[in-house]
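Heads up: the structure comes next, in C-alpha cells.
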Amino acid sequence: MNFKPILLTAGVLFSATFYSQKMNYPKALKGNQTDTYFGTAVADPFRDLENDSEATKKWVDEEVNFTQNYLSKIPFRDQIKSQLKEIWNYEKISAPFKEGDYTYYSKNDGLQAQSVYYRTNNKTKATEVFLDPNKFSEKGTTSLAQLSFNKKGTLAGYSISEGGSDWNKIIIIDAITKKQIDDTLVDVKFSGISWLGDEGFFYSSYDKPKEGTVLSGMTDKHKVYFHKLGTKQSEDKLIFGGEKTPRRYLGAHVTEDQRYLVISAANATNGNELYIKDLKKGGDFVQINKGFDINANIVDTEGDDIFISTDKDAPNMRLVKTTIKNPTPETWKNVIPETENVLGVSSAGGYFFAIYMIDAIDKVKQYDKTGKLVREIALPGKGTVNGFGGKETEKELYFSFGNYITPGTIYKFNADSGKSEVYQKPKVKFNPEDYVSEQVFYTSKDGTKVPMMINYKKGTKLNGKNPTILYAYGGFNVSLQPGFSVSNAIWMENGGVYAVPNIRGGGEYGKKWHDAGTKLQKKNVFDDFIAAGEYLQSKGYTSKEYMAISGGSNGGLLVGATMTIRPDLARVAFPAVGVLDMLRYNKFTAGAGWSYDYGTAEDSKEMFEYLKSYSPLHNVKKVCYPSTMVTTSDHDDRVVPAHSFKFGAELQEKQSCDNPVLLRIEKNAGHGAGRSTEQIIGESADKMSFALYEMGIKQLGK
C-alpha cells in the first residue's frame, strides 16, 4: 500500500482537553411527555424527535452540520479516506449461477456505487450487461434488493430499494430481451419473489401506513399475494395472511420441482409455523407444525418426501425427513442427526451439505439424500464458508472462504468428485502473512467461557497503547463468524487491533446460547461484552484510553447499554442504527417482532422494570461518557432514527466532560443494506478518524 502507518507522536497520548472546543450542541425541542407503566411514570422529553416535524427536520440539519464541522477539523480525515479508496479499488466478482441459456454473475470494478449484473451466453460465450443498478438513481442510492428468475430462465423479477428503505418495488422483465413486460409493483416489504411457471409469482407485503408515517408506522399484518402477469397489482390474489394472522412475518416460496408452495409464518424473529400446499394435486394448505416454539425450514423436496432443517428436540439443529401425506412433527425421522456443533444445511447437485460451526469456525461435510456421509470437504484454513447451494441437477457448485485476515475467495467444487479449485481470488492490496488472527477464551461475569477473535499486525507490542475496536452483536441468534473487511484491513495496517467476541444472544452455540441473552437474561450480553473489553486491557492489547466499542442495530443497543452501564470502559463509543428506547421499540414499523429477544414493557411489571434498568435512553446521567458518534440514516425504517435522535439528544444534554457527542446522520440511506460505495467509505473514514483523534493521535506517520 502506498501509505504510511499511523503513529502516536513521540508515544504521547494527547488528552481530550488538548483539542477540546466548547460544545454548543443544537437544541432539540423538549416537551413534558410522560408514559405510565404499571404505576410508574416515565418521562420522554424528546418525544417530538419521533415525528417528522419541521422542528425535527431543522434539528437534524443542524446536527448534520455540527458533526461535519467537528470532523472537518481532524487533520488526517481526508488521508484516511484516501487510504480506504485505494484498498477498496479492486474488482469484486460473485459466484456465477445458471438460468436458462445464460450464466449470470455480478461485478464491481472497484469503486462503483453498486455492483453490476452481467451474463454470458452458454452457447456463444458472448458476455453483456444484464442489469446495472448504478443507472437506477443519480447518486447510486437506489439499490438492487433481489433478483429472481422463473424455472426456464425466460422471465425475471427484481426488487429495488430507494434510499435504503425496506419498502421495495418489483420490476418484471423478459429475461431474454431485458425489457419490462408488466406494471411495476409498489409498496412491497420483507418479501421474496418466487415464480410459478410462466404465470406469475408470489410476494409478501403490508398495507402501507398512512401518509407521513411510512418510515415509522407500525406494520403488523403481513400478506402473501400472487401476481399474475398481465394483470394490475390491485387484482393480485391474497393467498395467505392478513386480518386472520396479525403480527406475522410471512415468506412464500415454490419448491424447485414447482410442485409445492411453502409458507413460513413467524410472530417474532425466532420460531415459525410451516404450511405447505401440493400445487400438483390442489387442495388447501396443510399445516406442518403448530405454534412458534421451534424453527423449521424446508431444505428440499423429492416427490412426496420433504426434508426439513429444525431445532425441534435439537437445539443445535438437525435435518429430518417426512412426507406430504402426513408431515407433522410426530413423523419426522433423522437424516442428519444433531451433534454438539450448530448445523446449517443446504441442498445442491443431488446432495446435502452440512456446515458445522465449531467455536464460530466452519467445517463442511457432504451427505447423500439418505444421510450417508460422502466426505468431509477440505477447506483452505480456519474461517467462514458460504455457498454449496444450487439446483438439483448442477454438479459444478461454488463456495467462498475467508476470515478476518483472508479476503473472501470463491472456489469451484465438483459435487461428485469432491475436487475444488480457486475460481476467483480478489486482487486486494493486503498480505495476510503480515497479520495474526488468534482465538482466545475469556471468562464472563457469571463464569461463562466466551470465545473472541483478536486480529492485528505481526510485531504488535502488547503495551496497552494499541488503538482497538471491540465489535459485537449479541442477539437474534446471529453468529459473528470471521470475515474480511477492507475497513478493518486499513485499521490493522495502521497498527490497530480488531477484536470480536462471540457473546451470548448469538447463535454460535445454538439455541441455548441465544436464549441465554434474551428477555430477563439480556444483561448477560452486556456482561460478556464488558468482560471482553476488560480482557483486552488486562492482557495489554489495549487500555481504556485506546479502546473503542462498536456495534450496529442490536449491536447499537449493546454499545448504548454498555456505555451507560460502564462509561469508564472505553475512550470511544459507536452505537450504530441502534435499538435504544427499550420501552417503545415495539411501537415502530416491525419492531413488535423483536419481542422474543427483548420482551416488551407491556408484558409484566418485572419485564418493564428490567427493560428500563438497561434501556440506553433511560439511563443517561450527568456523568462523563466516552467520545461518542451515534450513527443513523434518515430512511432507516427497520430501526427508526428516532432511537438515535432521542439517545443522542439526551447524551448531548447530560455529557459532563469535554468528550464530544456527535450524531452522524446519513441522508438517502436506510438500515445498512444497499448503500453506495461512496457512502460506505465516507462513514468508515469518519468513524476511523474520529476514533483515532479522540484517542489523542495528532497526526499520521511522517
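Ligands are numbered from 1 in the order shown, chains are lettered A, B, ... in the order of the C-alpha cells, and residues start at 1 in each chain.
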
Practice problem: Identify, on the basis of only C-alpha atoms, every residue whose closest approach to segment 378-382 of chain A does not exceed 9 Å; exclude the query and any residue fewer than 2 positions from it along the same chain; express the result as a list in words. | Solution: Ile361, Asp362, Lys363, Val364, Glu376, Thr384, Val385, Phe401, Gly402, Asn403, Ser420 and Pro482 of chain A

Those same residues - N, CA, C and O atoms - I'd like them written as a PDB file, in the first residue's frame.
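As a result, again28.pdb now contains:
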ATOM      1  N   ILE A 361     -16.090 -21.253  13.938  1.00  0.00           N
ATOM      2  CA  ILE A 361     -15.311 -21.642  12.759  1.00  0.00           C
ATOM      3  C   ILE A 361     -16.037 -22.775  12.034  1.00  0.00           C
ATOM      4  O   ILE A 361     -16.574 -23.689  12.668  1.00  0.00           O
ATOM      5  N   ASP A 362     -16.040 -22.754  10.702  1.00  0.00           N
ATOM      6  CA  ASP A 362     -16.820 -23.716   9.927  1.00  0.00           C
ATOM      7  C   ASP A 362     -16.059 -24.987   9.559  1.00  0.00           C
ATOM      8  O   ASP A 362     -14.847 -24.967   9.299  1.00  0.00           O
ATOM      9  N   LYS A 363     -16.828 -26.088   9.512  1.00  0.00           N
ATOM     10  CA  LYS A 363     -16.387 -27.371   8.964  1.00  0.00           C
ATOM     11  C   LYS A 363     -17.524 -27.868   8.075  1.00  0.00           C
ATOM     12  O   LYS A 363     -18.694 -27.711   8.424  1.00  0.00           O
ATOM     13  N   VAL A 364     -17.203 -28.473   6.917  1.00  0.00           N
ATOM     14  CA  VAL A 364     -18.244 -28.870   5.965  1.00  0.00           C
ATOM     15  C   VAL A 364     -18.184 -30.372   5.685  1.00  0.00           C
ATOM     16  O   VAL A 364     -17.117 -30.921   5.412  1.00  0.00           O
ATOM     17  N   GLU A 376     -15.813 -35.407   4.080  1.00  0.00           N
ATOM     18  CA  GLU A 376     -15.601 -34.105   4.701  1.00  0.00           C
ATOM     19  C   GLU A 376     -14.831 -33.271   3.690  1.00  0.00           C
ATOM     20  O   GLU A 376     -13.851 -33.749   3.102  1.00  0.00           O
ATOM     21  N   THR A 384     -14.750 -18.895   7.594  1.00  0.00           N
ATOM     22  CA  THR A 384     -16.183 -18.957   7.337  1.00  0.00           C
ATOM     23  C   THR A 384     -16.445 -19.379   5.897  1.00  0.00           C
ATOM     24  O   THR A 384     -15.793 -18.896   4.973  1.00  0.00           O
ATOM     25  N   VAL A 385     -17.425 -20.268   5.732  1.00  0.00           N
ATOM     26  CA  VAL A 385     -17.793 -20.787   4.416  1.00  0.00           C
ATOM     27  C   VAL A 385     -19.202 -20.323   4.063  1.00  0.00           C
ATOM     28  O   VAL A 385     -20.108 -20.350   4.898  1.00  0.00           O
ATOM     29  N   PHE A 401     -14.675 -18.729   0.866  1.00  0.00           N
ATOM     30  CA  PHE A 401     -13.986 -18.934   2.144  1.00  0.00           C
ATOM     31  C   PHE A 401     -13.199 -17.679   2.493  1.00  0.00           C
ATOM     32  O   PHE A 401     -12.545 -17.072   1.625  1.00  0.00           O
ATOM     33  N   GLY A 402     -13.253 -17.288   3.756  1.00  0.00           N
ATOM     34  CA  GLY A 402     -12.471 -16.141   4.211  1.00  0.00           C
ATOM     35  C   GLY A 402     -12.441 -16.077   5.714  1.00  0.00           C
ATOM     36  O   GLY A 402     -13.129 -16.822   6.415  1.00  0.00           O
ATOM     37  N   ASN A 403     -11.619 -15.190   6.242  1.00  0.00           N
ATOM     38  CA  ASN A 403     -11.611 -14.902   7.671  1.00  0.00           C
ATOM     39  C   ASN A 403     -11.159 -13.456   7.871  1.00  0.00           C
ATOM     40  O   ASN A 403     -11.083 -12.692   6.900  1.00  0.00           O
ATOM     41  N   SER A 420     -11.994 -29.377  -5.583  1.00  0.00           N
ATOM     42  CA  SER A 420     -12.265 -27.936  -5.616  1.00  0.00           C
ATOM     43  C   SER A 420     -11.050 -27.202  -6.162  1.00  0.00           C
ATOM     44  O   SER A 420      -9.911 -27.690  -6.081  1.00  0.00           O
ATOM     45  N   PRO A 482     -15.795 -15.210  11.329  1.00  0.00           N
ATOM     46  CA  PRO A 482     -14.689 -14.457  10.716  1.00  0.00           C
ATOM     47  C   PRO A 482     -14.966 -14.077   9.270  1.00  0.00           C
ATOM     48  O   PRO A 482     -15.381 -14.912   8.457  1.00  0.00           O
TER      49      PRO A 482
END

Long-range neighbours of Tyr610 of chain A as a PDB file with N, CA, C and O atoms, in the first residue's frame, 12 Å cut-off, only C-alpha atoms, 6 positions minimum in chain:
ATOM      1  N   THR A 518     -31.506 -13.371  26.076  1.00  0.00           N
ATOM      2  CA  THR A 518     -32.808 -12.802  25.734  1.00  0.00           C
ATOM      3  C   THR A 518     -33.594 -12.438  26.988  1.00  0.00           C
ATOM      4  O   THR A 518     -33.321 -12.913  28.090  1.00  0.00           O
ATOM      5  N   LYS A 519     -34.578 -11.570  26.806  1.00  0.00           N
ATOM      6  CA  LYS A 519     -35.539 -11.144  27.831  1.00  0.00           C
ATOM      7  C   LYS A 519     -34.862 -10.867  29.177  1.00  0.00           C
ATOM      8  O   LYS A 519     -34.015  -9.982  29.269  1.00  0.00           O
ATOM      9  N   LEU A 520     -35.210 -11.624  30.213  1.00  0.00           N
ATOM     10  CA  LEU A 520     -34.694 -11.363  31.560  1.00  0.00           C
ATOM     11  C   LEU A 520     -33.256 -11.846  31.748  1.00  0.00           C
ATOM     12  O   LEU A 520     -32.712 -11.754  32.859  1.00  0.00           O
ATOM     13  N   GLN A 521     -32.651 -12.328  30.663  1.00  0.00           N
ATOM     14  CA  GLN A 521     -31.233 -12.688  30.694  1.00  0.00           C
ATOM     15  C   GLN A 521     -30.407 -11.797  29.758  1.00  0.00           C
ATOM     16  O   GLN A 521     -29.244 -12.070  29.505  1.00  0.00           O
ATOM     17  N   LYS A 522     -31.024 -10.723  29.261  1.00  0.00           N
ATOM     18  CA  LYS A 522     -30.356  -9.868  28.278  1.00  0.00           C
ATOM     19  C   LYS A 522     -29.073  -9.257  28.832  1.00  0.00           C
ATOM     20  O   LYS A 522     -28.113  -9.029  28.082  1.00  0.00           O
ATOM     21  N   LYS A 523     -29.004  -9.007  30.121  1.00  0.00           N
ATOM     22  CA  LYS A 523     -27.811  -8.368  30.684  1.00  0.00           C
ATOM     23  C   LYS A 523     -26.573  -9.265  30.606  1.00  0.00           C
ATOM     24  O   LYS A 523     -25.449  -8.771  30.732  1.00  0.00           O
ATOM     25  N   MET A 582     -35.890   1.101  24.810  1.00  0.00           N
ATOM     26  CA  MET A 582     -36.394  -0.253  25.006  1.00  0.00           C
ATOM     27  C   MET A 582     -37.836  -0.292  25.507  1.00  0.00           C
ATOM     28  O   MET A 582     -38.428  -1.370  25.581  1.00  0.00           O
ATOM     29  N   LEU A 583     -38.409   0.858  25.828  1.00  0.00           N
ATOM     30  CA  LEU A 583     -39.794   0.889  26.271  1.00  0.00           C
ATOM     31  C   LEU A 583     -40.763   1.105  25.110  1.00  0.00           C
ATOM     32  O   LEU A 583     -41.948   0.794  25.218  1.00  0.00           O
ATOM     33  N   TYR A 598     -36.316  -9.415  23.311  1.00  0.00           N
ATOM     34  CA  TYR A 598     -36.317  -8.336  24.288  1.00  0.00           C
ATOM     35  C   TYR A 598     -37.411  -8.428  25.338  1.00  0.00           C
ATOM     36  O   TYR A 598     -37.232  -7.939  26.457  1.00  0.00           O
ATOM     37  N   GLY A 599     -38.572  -9.007  25.005  1.00  0.00           N
ATOM     38  CA  GLY A 599     -39.739  -8.783  25.832  1.00  0.00           C
ATOM     39  C   GLY A 599     -40.222  -7.357  25.605  1.00  0.00           C
ATOM     40  O   GLY A 599     -39.536  -6.561  24.965  1.00  0.00           O
ATOM     41  N   THR A 600     -41.391  -7.003  26.113  1.00  0.00           N
ATOM     42  CA  THR A 600     -41.879  -5.635  25.952  1.00  0.00           C
ATOM     43  C   THR A 600     -42.261  -5.057  27.308  1.00  0.00           C
ATOM     44  O   THR A 600     -42.527  -5.793  28.268  1.00  0.00           O
ATOM     45  N   ALA A 601     -42.314  -3.721  27.360  1.00  0.00           N
ATOM     46  CA  ALA A 601     -42.647  -3.033  28.611  1.00  0.00           C
ATOM     47  C   ALA A 601     -44.081  -3.302  29.041  1.00  0.00           C
ATOM     48  O   ALA A 601     -44.441  -3.055  30.195  1.00  0.00           O
ATOM     49  N   GLU A 602     -44.904  -3.815  28.116  1.00  0.00           N
ATOM     50  CA  GLU A 602     -46.287  -4.123  28.455  1.00  0.00           C
ATOM     51  C   GLU A 602     -46.470  -5.545  28.973  1.00  0.00           C
ATOM     52  O   GLU A 602     -47.547  -5.896  29.462  1.00  0.00           O
ATOM     53  N   ASP A 603     -45.445  -6.384  28.874  1.00  0.00           N
ATOM     54  CA  ASP A 603     -45.584  -7.801  29.234  1.00  0.00           C
ATOM     55  C   ASP A 603     -45.924  -8.001  30.704  1.00  0.00           C
ATOM     56  O   ASP A 603     -46.816  -8.766  31.064  1.00  0.00           O
ATOM     57  N   SER A 604     -45.164  -7.354  31.567  1.00  0.00           N
ATOM     58  CA  SER A 604     -45.331  -7.502  33.009  1.00  0.00           C
ATOM     59  C   SER A 604     -44.546  -6.402  33.707  1.00  0.00           C
ATOM     60  O   SER A 604     -43.679  -5.759  33.096  1.00  0.00           O
ATOM     61  N   HIS A 618     -32.967   5.601  28.760  1.00  0.00           N
ATOM     62  CA  HIS A 618     -33.475   5.896  30.098  1.00  0.00           C
ATOM     63  C   HIS A 618     -32.411   5.814  31.183  1.00  0.00           C
ATOM     64  O   HIS A 618     -32.730   5.929  32.375  1.00  0.00           O
TER      65      HIS A 618
END

Quiz item: From the list A:Ile490, A:Tyr398, A:Leu279, A:Asp207, which residue is nearest Glu243 of chain A when using only C-alpha atoms?
Solution: A:Asp207

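Taking only C-alpha atoms into account, Thr56 of chain A lies nearest to A:Pro641 out of the set A:Gly682, A:Val440, A:Pro641, A:Ala113.
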
Quiz item: Which of segment 312-533 of chain A counts as helix (DSSP H, G or I) under DSSP, as a ChimeraX atom specification please?
Solution: /A:329-331,432-434,486-493,511-515,519-521,523-533

Quiz prompt | Close residues, Glu433 of chain A itself excluded, 9 Å, only C-alpha atoms, min 2 positions apart in chain, as number ranges by chain | solution = A: 405, 430-431, 435-436, 458

Self-check item: Residue neighbourhood segment 533-547 of chain A, 6 Å, only C-alpha atoms, exclusion window fewer than 5 positions, as a PyMOL selection string
Solution: chain A and resi 462-468+569-571+695

Practice problem: Write out as an NGL selection string which residues come within 10 Å of segment 143-148 of chain A when counting only C-alpha atoms, dropping same-chain ones fewer than 2 positions away. | Solution: :A and (99 or 113-117 or 131-137 or 140-141 or 150-151 or 153 or 155-166 or 168-172 or 191-195 or 201 or 673-676)

For Ser684 of chain A, work out the shell of residues within 8 Å, counting only C-alpha atoms and skipping chain neighbours fewer than 4 positions away, then give it as an mmCIF file with all heavy atoms, in the first residue's frame.
data_model
loop_
_atom_site.group_PDB
_atom_site.id
_atom_site.type_symbol
_atom_site.label_atom_id
_atom_site.label_comp_id
_atom_site.auth_asym_id
_atom_site.auth_seq_id
_atom_site.Cartn_x
_atom_site.Cartn_y
_atom_site.Cartn_z
ATOM 1 N N SER A 487 -12.151 -2.098 5.499
ATOM 2 C CA SER A 487 -12.044 -1.071 6.542
ATOM 3 C C SER A 487 -11.194 -1.578 7.702
ATOM 4 O O SER A 487 -10.314 -0.870 8.212
ATOM 5 C CB SER A 487 -13.435 -0.675 7.050
ATOM 6 O OG SER A 487 -14.181 -0.039 6.046
ATOM 7 N N ILE A 680 -20.462 4.152 2.089
ATOM 8 C CA ILE A 680 -19.781 3.221 2.997
ATOM 9 C C ILE A 680 -18.378 3.723 3.330
ATOM 10 O O ILE A 680 -17.961 3.731 4.495
ATOM 11 C CB ILE A 680 -19.713 1.812 2.382
ATOM 12 C CG1 ILE A 680 -21.127 1.248 2.177
ATOM 13 C CG2 ILE A 680 -18.905 0.875 3.271
ATOM 14 C CD1 ILE A 680 -21.170 -0.017 1.350
ATOM 15 N N MET A 688 -13.307 5.942 11.673
ATOM 16 C CA MET A 688 -11.918 5.620 11.960
ATOM 17 C C MET A 688 -11.124 6.853 12.386
ATOM 18 O O MET A 688 -10.367 6.823 13.362
ATOM 19 C CB MET A 688 -11.281 4.962 10.729
ATOM 20 C CG MET A 688 -10.028 4.161 11.042
ATOM 21 S SD MET A 688 -9.318 3.382 9.553
ATOM 22 C CE MET A 688 -10.713 2.442 8.946
#

Practice problem: Considering only C-alpha atoms, return as a ChimeraX atom specification whatever protein or nucleic-acid residues lie within 12 Å of Pro426 of chain A, sequence-local ones (same chain, fewer than 4 positions apart) excluded. | Solution: /A:87-94,107-110,400-402,406-411,422,430-431,484,486
